Amino acid sequence: MTEGAPWKHIIRFTLPVFFGLVLQQLYNTVDAIIVGNYCGESSLAAVGTTATFTFLFLAMATGFSAGNGVVVAQAFGANNQNEVRANASTGILLLLGMGLASTLIGISVSRVAYVHFVGVPPEILDLTLQYFNICMLGMVFQFGYNIFSSILRAIGDSAATLYFLLITSILNIVLDLLFVAYFKWDVAGAAWATNISQAVSFIAAYIYMSKRYPVFRFKLKEFTWNKALAWLTIKMGFPIALQLAIVSIGLTFIQRAVNSFGKAMTASFTVGQRMELFLNLPFHAFQTTLATYAGQNIGAGKMDRVKQGMKQALAMSFVSTLIISLTVCYFNQEIIRIFGISDQAAVYCRDHINTIAFTNLLLSFYVPVFGVFQGANHTAFPTFVATCALGTRALVTYIFKDNPDYFGYSIIWWNNLFGFSVGIIITWIYYFSGCWQKNSRINMA
């Protein structure tokens, strides 16, 4: 990524990341479609309401693996193979340990969290806890897959994870149909299908990484733990994990507001969130790409290429987001129908999808820049932006949700406009200040 036209490297790297994210969302969306059609609206609402709290744990998996990826990317850009291997070994051990700890913590606090914090309606509480607790049993595979994927992306291999996800997505669909539609296991079947599929992707990623790249070919006794490198991964990854955790907490408050409008709104929000995640795919793919791109070029001492590549990535981010938004709006009725929700829920959902298709265009103008900040060793700033944006969204939600003269229940989706506007302003002020260029090289000594 340090030579040649930046946009060519960015597209080549982003496309596998993008399609991998598509498969990941299909992975989650298939659960909702099958549960909605074969188990009913209560089960769909239960699956949907687990998303925000589950995301709190996935924030750690994503954040700390991304932090390790930035460290590995800079070492790779500097052509330091020993540092690449040492950081990968420590990162793998760290993330697997976090995955096991997350399982124990998640199951221990699930009832208290969903009753008192998320405010799950009593009629779907048992289904919610059943789905969540089973999913938590497979959390170690989520953490493991994330660290393997992050390491592979850090050395420029974004295509491999696409193949793993393709296999496991197909497996997840087959198992969903078997467990939910045929065996009638309801939400438990969907949870077990997710766990088994995730375990397969975890195993496939490790086998590929060790076979394809000798530097990552660890025998069991060759895994080494380095406290200094573990701390470096935590230092780099904590702001990213915190940013995502703040998103999760903010969305949990919004989910609580959603639940207050009844089961139809909860089911509608589940579908709307799934579609929102699809709309977010392009700029998140470019963010992931720019973190690696910036890390490698900063490691090679080429800051001008970082700025040039970011400008080209932003243009591609907006165009691709616009195309997906228009497509989702045009087919919104057909999309809603496949989830099998009630007529009232469908009315909510149509307005939700049309609104976020417009407001999410704002994200395409600033979320990819987060990747530059991460690659430049300024991972804390996106956390600040996320805090401001989510705080704004939660605040306006509770101000307007009971006021039908202004927004009423529609603030559930219009809160994006307020939050994302704040985010875009803060991000670009920081970028043009040039502060992100200071101390951009990581000291691995």
# chains A, B, ... in the order shown; residues from 1 in each chain; ligands from 1
call {"tool": "residues_around", "arguments": {"residues": "A:Leu326", "least_positions_apart": "3", "cutoff": "12 Å", "atoms": "only C-alpha atoms", "output": "list of chain:residue names"}}
result
A:Leu279, A:Val319, A:Ser320, A:Thr321, A:Leu322, A:Ile323, A:Cys329, A:Tyr330, A:Phe331, A:Asn332, A:Ile353, A:Asn354, A:Thr355, A:Ile356, A:Ala357, A:Phe358, A:Asn360, A:Leu361
call {"tool": "closest_atom_pairs", "arguments": {"of": "stretch 182-205 of chain A", "to": "stretch 134-154 of chain A", "cutoff": "7 Å", "atoms": "only C-alpha atoms", "output": "tab-separated table"}}
result
residue	atom	partner	partner_atom	distance
A:Ala191	CA	A:Cys135	CA	5.3
A:Trp192	CA	A:Ile134	CA	6.8
A:Asn195	CA	A:Gly138	CA	5.0
A:Gln198	CA	A:Phe141	CA	6.0
A:Ala199	CA	A:Phe141	CA	5.4
A:Ser201	CA	A:Tyr145	CA	6.7
A:Phe202	CA	A:Tyr145	CA	4.6
A:Ala205	CA	A:Phe148	CA	6.3
call {"tool": "write_last_selection", "arguments": {"atoms": "N, CA and C atoms", "output": "compact mmCIF listing (two decimals), in the first residue's frame"}}
result
# COMPACT_ATOMS: atom_id res chain seq x y z
N ALA A 191 -29.56 -19.22 18.02
CA ALA A 191 -28.34 -18.95 18.78
C ALA A 191 -27.29 -20.04 18.55
N TRP A 192 -27.73 -21.31 18.58
CA TRP A 192 -26.78 -22.41 18.37
C TRP A 192 -26.25 -22.40 16.93
N ASN A 195 -23.45 -19.83 16.94
CA ASN A 195 -22.25 -20.31 17.63
C ASN A 195 -21.45 -21.30 16.79
N GLN A 198 -19.82 -19.57 13.83
CA GLN A 198 -18.70 -18.74 14.25
C GLN A 198 -17.49 -19.59 14.60
N ALA A 199 -17.72 -20.76 15.21
CA ALA A 199 -16.62 -21.66 15.54
C ALA A 199 -15.91 -22.14 14.27
N SER A 201 -15.70 -20.49 11.39
CA SER A 201 -14.91 -19.39 10.85
C SER A 201 -13.63 -19.17 11.65
N PHE A 202 -13.70 -19.35 12.95
CA PHE A 202 -12.54 -19.23 13.83
C PHE A 202 -11.47 -20.27 13.46
N ALA A 205 -9.99 -19.57 9.88
CA ALA A 205 -9.08 -18.43 9.85
C ALA A 205 -7.72 -18.80 10.42
call {"tool": "closest_atom_pairs", "arguments": {"of": "stretch 221-280 of chain A", "to": "stretch 120-127 of chain A", "cutoff": "8 Å", "atoms": "only C-alpha atoms", "output": "Markdown table"}}
result
| residue | atom | partner | partner_atom | distance |
| --- | --- | --- | --- | --- |
| A:Arg256 | CA | A:Val120 | CA | 7.5 |
| A:Asn259 | CA | A:Val120 | CA | 6.6 |
| A:Gly262 | CA | A:Pro121 | CA | 7.9 |
| A:Lys263 | CA | A:Pro121 | CA | 7.9 |
call {"tool": "write_last_selection", "arguments": {"atoms": "C-alpha atoms", "output": "PDB file, in the first residue's frame"}}
result
ATOM      1  CA  ARG A 256     -35.108   1.213  26.133  1.00  0.00           C
ATOM      2  CA  ASN A 259     -39.298  -0.884  24.089  1.00  0.00           C
ATOM      3  CA  GLY A 262     -44.524  -1.784  22.666  1.00  0.00           C
ATOM      4  CA  LYS A 263     -43.717  -5.045  20.891  1.00  0.00           C
TER       5      LYS A 263
END
call {"tool": "closest_residue", "arguments": {"among": "A:Tyr27, A:Trp413, A:Tyr406, A:Phe76", "to": "A:Val258", "atoms": "only C-alpha atoms"}}
result
A:Trp413
call {"tool": "residues_around", "arguments": {"residues": "A:Met60", "least_positions_apart": "4", "cutoff": "9 Å", "atoms": "only C-alpha atoms", "output": "count of residues only"}}
result
15
call {"tool": "closest_residue", "arguments": {"among": "A:Ala160, A:Ala101, A:Ile155, A:Val118", "to": "A:Arg85", "atoms": "only C-alpha atoms"}}
result
A:Ile155
call {"tool": "residues_around", "arguments": {"residues": "A:Leu23", "least_positions_apart": "5", "cutoff": "9 Å", "atoms": "only C-alpha atoms", "output": "list in words"}}
result
Phe18, Asn28, Leu162, Leu165, Leu166, Thr168 and Ser169 of chain A
call {"tool": "write_last_selection", "arguments": {"atoms": "N, CA and C atoms", "output": "JSON list (two decimals), in the first residue's frame"}}
result
[["chain", "number", "residue", "atom", "x", "y", "z"],
["A", 18, "PHE", "N", -15.55, -5.06, 2.33],
["A", 18, "PHE", "CA", -16.96, -4.72, 2.16],
["A", 18, "PHE", "C", -17.82, -5.97, 2.02],
["A", 28, "ASN", "N", -26.33, -12.19, 10.37],
["A", 28, "ASN", "CA", -27.23, -11.77, 11.44],
["A", 28, "ASN", "C", -28.66, -11.58, 10.95],
["A", 162, "LEU", "N", -13.04, -12.96, 3.57],
["A", 162, "LEU", "CA", -14.24, -13.03, 2.75],
["A", 162, "LEU", "C", -14.63, -14.48, 2.50],
["A", 165, "LEU", "N", -16.05, -16.10, 5.66],
["A", 165, "LEU", "CA", -17.41, -15.64, 5.94],
["A", 165, "LEU", "C", -18.42, -16.22, 4.96],
["A", 166, "LEU", "N", -18.01, -16.43, 3.72],
["A", 166, "LEU", "CA", -18.91, -17.03, 2.74],
["A", 166, "LEU", "C", -19.30, -18.44, 3.17],
["A", 168, "THR", "N", -19.13, -19.76, 6.25],
["A", 168, "THR", "CA", -19.89, -19.79, 7.50],
["A", 168, "THR", "C", -21.27, -19.16, 7.36],
["A", 169, "SER", "N", -21.43, -18.22, 6.45],
["A", 169, "SER", "CA", -22.77, -17.64, 6.23],
["A", 169, "SER", "C", -23.71, -18.68, 5.63]]
call {"tool": "residues_around", "arguments": {"residues": "A:Gly419", "least_positions_apart": "2", "cutoff": "6 Å", "atoms": "only C-alpha atoms", "output": "PyMOL selection string"}}
result
chain A and resi 389+392-393+416-417+421-422
call {"tool": "residues_around", "arguments": {"residues": "A:Ala86", "least_positions_apart": "6", "cutoff": "12 Å", "atoms": "only C-alpha atoms", "output": "JSON, numbers by chain"}}
result
{"A": [68, 71, 72, 75, 76, 80, 92, 93, 151, 215, 216, 217, 218, 222, 223, 224, 225, 226, 227, 228, 229, 230, 232, 233, 444]}
call {"tool": "write_last_selection", "arguments": {"atoms": "N, CA and C atoms", "output": "compact mmCIF listing (two decimals), in the first residue's frame"}}
result
# COMPACT_ATOMS: atom_id res chain seq x y z
N ASN A 68 -4.52 -4.15 17.98
CA ASN A 68 -3.41 -5.03 17.64
C ASN A 68 -3.08 -4.95 16.15
N VAL A 71 -0.85 -1.94 15.38
CA VAL A 71 0.53 -2.19 15.79
C VAL A 71 1.22 -3.10 14.78
N VAL A 72 0.54 -4.18 14.38
CA VAL A 72 1.10 -5.12 13.41
C VAL A 72 1.31 -4.42 12.06
N ALA A 75 4.42 -2.26 12.16
CA ALA A 75 5.61 -3.13 12.14
C ALA A 75 5.82 -3.73 10.76
N PHE A 76 4.73 -4.10 10.11
CA PHE A 76 4.82 -4.67 8.76
C PHE A 76 5.30 -3.61 7.77
N ASN A 80 9.57 -5.10 9.85
CA ASN A 80 10.13 -5.71 11.06
C ASN A 80 9.36 -6.99 11.36
N ILE A 92 -3.19 -12.63 20.01
CA ILE A 92 -4.05 -13.81 19.98
C ILE A 92 -4.36 -14.29 21.39
N LEU A 93 -3.32 -14.41 22.23
CA LEU A 93 -3.54 -14.87 23.60
C LEU A 93 -4.42 -13.90 24.38
N ILE A 151 -5.24 -9.32 12.11
CA ILE A 151 -3.84 -9.57 11.78
C ILE A 151 -3.67 -9.73 10.28
N VAL A 215 5.36 -16.59 9.14
CA VAL A 215 5.59 -15.76 10.31
C VAL A 215 4.53 -16.00 11.38
N PHE A 216 3.34 -16.49 11.00
CA PHE A 216 2.27 -16.76 11.96
C PHE A 216 2.10 -18.26 12.23
N ARG A 217 3.11 -19.03 11.90
CA ARG A 217 3.03 -20.48 12.06
C ARG A 217 3.50 -20.83 13.47
N PHE A 218 2.58 -20.76 14.42
CA PHE A 218 2.91 -21.01 15.83
C PHE A 218 2.57 -22.44 16.22
N GLU A 222 5.09 -22.22 21.04
CA GLU A 222 5.71 -21.03 20.45
C GLU A 222 4.89 -19.76 20.66
N PHE A 223 3.68 -19.90 21.17
CA PHE A 223 2.92 -18.70 21.53
C PHE A 223 3.61 -18.05 22.72
N THR A 224 3.95 -16.80 22.58
CA THR A 224 4.64 -16.10 23.65
C THR A 224 3.82 -14.92 24.15
N TRP A 225 3.93 -14.67 25.43
CA TRP A 225 3.22 -13.56 26.06
C TRP A 225 4.22 -12.49 26.45
N ASN A 226 4.02 -11.30 25.93
CA ASN A 226 4.89 -10.18 26.23
C ASN A 226 4.05 -9.08 26.86
N LYS A 227 4.30 -8.80 28.12
CA LYS A 227 3.49 -7.82 28.84
C LYS A 227 3.52 -6.45 28.18
N ALA A 228 4.71 -6.07 27.72
CA ALA A 228 4.84 -4.74 27.11
C ALA A 228 4.03 -4.65 25.82
N LEU A 229 4.07 -5.72 25.01
CA LEU A 229 3.32 -5.72 23.76
C LEU A 229 1.81 -5.84 24.02
N ALA A 230 1.44 -6.61 25.08
CA ALA A 230 0.03 -6.70 25.44
C ALA A 230 -0.50 -5.33 25.86
N LEU A 232 0.68 -2.51 24.86
CA LEU A 232 0.62 -1.69 23.66
C LEU A 232 -0.67 -1.94 22.89
N THR A 233 -1.06 -3.22 22.77
CA THR A 233 -2.33 -3.56 22.12
C THR A 233 -3.51 -2.97 22.89
N MET A 444 7.70 1.03 19.73
CA MET A 444 7.56 -0.36 20.18
C MET A 444 8.71 -0.79 21.09
call {"tool": "closest_atom_pairs", "arguments": {"of": "stretch 222-310 of chain A", "to": "stretch 315-318 of chain A", "cutoff": "9 Å", "atoms": "only C-alpha atoms", "output": "tab-separated table"}}
result
residue	atom	partner	partner_atom	distance
A:Pro282	CA	A:Ser317	CA	5.9
A:Phe283	CA	A:Ser317	CA	5.3
A:His284	CA	A:Ser317	CA	8.9
A:Ala285	CA	A:Ser317	CA	8.7
A:Phe286	CA	A:Ser317	CA	6.7
A:Met310	CA	A:Ala315	CA	8.8
call {"tool": "write_last_selection", "arguments": {"atoms": "C-alpha atoms", "output": "short mmCIF file (atom, residue, chain, number, x, y, z; two decimals), in the first residue's frame"}}
result
data_model
loop_
_atom_site.label_atom_id
_atom_site.label_comp_id
_atom_site.auth_asym_id
_atom_site.auth_seq_id
_atom_site.Cartn_x
_atom_site.Cartn_y
_atom_site.Cartn_z
CA PRO A 282 -19.39 1.12 2.69
CA PHE A 283 -18.00 3.71 5.07
CA HIS A 284 -17.10 1.12 7.71
CA ALA A 285 -15.22 -0.83 5.02
CA PHE A 286 -13.30 2.31 4.05
CA MET A 310 -8.14 9.61 2.47
#
call {"tool": "atom_distance", "arguments": {"atom1": "atom CA of A:Ala291", "atom2": "atom CA of A:Gly67"}}
result
9.8 Å
